[in-house]
Amino acid sequence: MHDQAAPDSPPTLFDWQFATDPYPAYAWLREHSPVHRTALPSGVEAWLVTRYADARQALADQRLSKNPAHHAEPAHAKGKTGIPGERKAELMTHLLNIDPPDHTRLRRLVSKAFTPRRVAEFTPRVQELTDHLIDGFAEKGEADLIHEFAFPLPIYAICEMLGVPREDQDDFRDWAGMMIRHGGGPRGGVARSVKKMRGYLVELIHRKRDDLGDDLISGLIRASDHGEHLTENEAAAMAFILLFAGFETTVNLMGNGLYSLFRNPAERARLQDSLAAGETGLLETGIEELLRYDGPVELATWRFATEPLTLGGKDIAAGDPVLVVLAAADRDPARFDGPDTLDLSRTDNQHLGYGHGIHYCLGAPLARLEGQTALATLLTRLPDLRLAVAPDELRWRGGLIMRGLRTLPVEFTPRAKQRN
């Protein structure tokens, strides 16, 4: 096991045992090699940043660019440092790959869609989607909460925000399903799905020009028509990244969060008692704690040094990739008391689960809404929900950036569907 490593030998990173529980390895790195150069599974060499203070500094450092053109190696041209297929599909000009001033301009265009007020208006629809999905398995007494619940909920929610018609949303679900499998599907399947999604989004943008609505894609078109100079590629890339960033993160937030509650029954009981009493305070702090404790994004997306710099005492050369390990920073004992303990009432909780700086997660209000609604409704409607397999039978998905379960089989007392 990783925590048995001798003090002078780094733990093994990125094998399946590490994926199951990376936290002992990250604890070793924080203590012995907090800014650590390593070869990733793809062969790309990168720096891993694991301490909270260094991570926060790196996330806000403008010398660390999001643009893969700054990578010193040609590996980025082979698609080793971004989302599979985004380069061939001409979807590179999105918020995760660009710097100011383009980042500032594009972010401003979509930020109004994710204001707390706009998200609050969406709350009844998220509740409706949540109840509908639970109705699909409530009478069975068993379910896979990833495939039957955590996966479809954010897909349908973000599709509705974007303005994807209901009759097309199942296609989106299929494409997203291929993207989330991270190599578990047919070779090249992710890139093909990305290409199909791009083709659809371009076509949808054309269709909507003649029938603008109150959705996000219509808003992008309006902004473009009012002189904001949003190219067709930028509009398609923007819609793509909002979908991509807005669904897998939320799938993992729900899956990891539920699994953490199953493993911490006393905290789960506290939350259920609080919900039964009609309180929301513990749910609100609890979602933030679940994000900190075992969050959906293990490593922040790629950054590349534009000039030589020093981080955590290490000299980083221009062109070097830097990966901020959010999962390690959010369990740093120098920042959090009892970091390996789940405490749903933790209030001093400035976790980095949504990032920090100009790339702070745009969809954080929507993710909070979906996470709170999903957990509260599941635990209220299916109060005896329990894992249907031993924890060591669960498997985590591959992939460098995200952390999420492949499946989450559960059992519960069968319940009647809700009657409207």
# chains A, B, ... in the order shown; residues from 1 in each chain; ligands from 1
>>> residues_around(residues="Ala27 of chain A", least_positions_apart="4", cutoff="8 Å", atoms="only C-alpha atoms", output="list in words")
Tyr23, Glu31, Ala328 and Asp332 of chain A
>>> residues_around(residues="Arg406 of chain A", least_positions_apart="3", cutoff="6 Å", atoms="only C-alpha atoms", output="PyMOL selection string")
chain A and resi 395-397
>>> write_last_selection(atoms="all heavy atoms", output="PDB file, in the first residue's frame")
ATOM      1  N   ARG A 395     -15.317   0.325  -8.222  1.00  0.00           N
ATOM      2  CA  ARG A 395     -14.177   0.735  -9.037  1.00  0.00           C
ATOM      3  C   ARG A 395     -14.323   2.205  -9.427  1.00  0.00           C
ATOM      4  O   ARG A 395     -15.424   2.669  -9.708  1.00  0.00           O
ATOM      5  CB  ARG A 395     -14.074  -0.132 -10.302  1.00  0.00           C
ATOM      6  CG  ARG A 395     -13.652  -1.563 -10.021  1.00  0.00           C
ATOM      7  CD  ARG A 395     -12.191  -1.637  -9.584  1.00  0.00           C
ATOM      8  NE  ARG A 395     -11.801  -2.973  -9.153  1.00  0.00           N
ATOM      9  CZ  ARG A 395     -11.830  -3.409  -7.891  1.00  0.00           C
ATOM     10  NH1 ARG A 395     -12.259  -2.593  -6.926  1.00  0.00           N
ATOM     11  NH2 ARG A 395     -11.427  -4.615  -7.582  1.00  0.00           N
ATOM     12  N   TRP A 396     -13.176   2.881  -9.466  1.00  0.00           N
ATOM     13  CA  TRP A 396     -13.149   4.297  -9.830  1.00  0.00           C
ATOM     14  C   TRP A 396     -12.771   4.431 -11.295  1.00  0.00           C
ATOM     15  O   TRP A 396     -11.961   3.657 -11.811  1.00  0.00           O
ATOM     16  CB  TRP A 396     -12.154   5.048  -8.936  1.00  0.00           C
ATOM     17  CG  TRP A 396     -12.581   5.003  -7.504  1.00  0.00           C
ATOM     18  CD1 TRP A 396     -12.410   3.963  -6.630  1.00  0.00           C
ATOM     19  CD2 TRP A 396     -13.293   6.002  -6.777  1.00  0.00           C
ATOM     20  NE1 TRP A 396     -12.965   4.261  -5.409  1.00  0.00           N
ATOM     21  CE2 TRP A 396     -13.517   5.511  -5.459  1.00  0.00           C
ATOM     22  CE3 TRP A 396     -13.760   7.284  -7.092  1.00  0.00           C
ATOM     23  CZ2 TRP A 396     -14.177   6.241  -4.486  1.00  0.00           C
ATOM     24  CZ3 TRP A 396     -14.418   8.014  -6.117  1.00  0.00           C
ATOM     25  CH2 TRP A 396     -14.622   7.498  -4.832  1.00  0.00           C
ATOM     26  N   ARG A 397     -13.350   5.408 -11.965  1.00  0.00           N
ATOM     27  CA  ARG A 397     -13.047   5.614 -13.375  1.00  0.00           C
ATOM     28  C   ARG A 397     -11.611   6.076 -13.562  1.00  0.00           C
ATOM     29  O   ARG A 397     -11.065   6.787 -12.720  1.00  0.00           O
ATOM     30  CB  ARG A 397     -13.989   6.676 -13.987  1.00  0.00           C
ATOM     31  CG  ARG A 397     -15.387   6.168 -14.244  1.00  0.00           C
ATOM     32  CD  ARG A 397     -16.154   7.127 -15.140  1.00  0.00           C
ATOM     33  NE  ARG A 397     -16.226   8.469 -14.611  1.00  0.00           N
ATOM     34  CZ  ARG A 397     -17.117   8.870 -13.720  1.00  0.00           C
ATOM     35  NH1 ARG A 397     -18.024   8.029 -13.268  1.00  0.00           N
ATOM     36  NH2 ARG A 397     -17.128  10.108 -13.287  1.00  0.00           N
TER      37      ARG A 397
END
>>> select_by_dssp(residues="segment 168-265 of chain A", states="alpha helix (DSSP H)", output="PyMOL selection string")
chain A and resi 169-180+189-208+216-223+232-263+265
>>> closest_atom_pairs(of="segment 227-281 of chain A", to="segment 333-357 of chain A", cutoff="8 Å", atoms="only C-alpha atoms", output="Markdown table")
| residue | atom | partner | partner_atom | distance |
| --- | --- | --- | --- | --- |
| A:Asn264 | CA | A:Leu342 | CA | 7.5 |
| A:Glu267 | CA | A:Leu344 | CA | 6.7 |
| A:Leu271 | CA | A:Leu344 | CA | 7.9 |
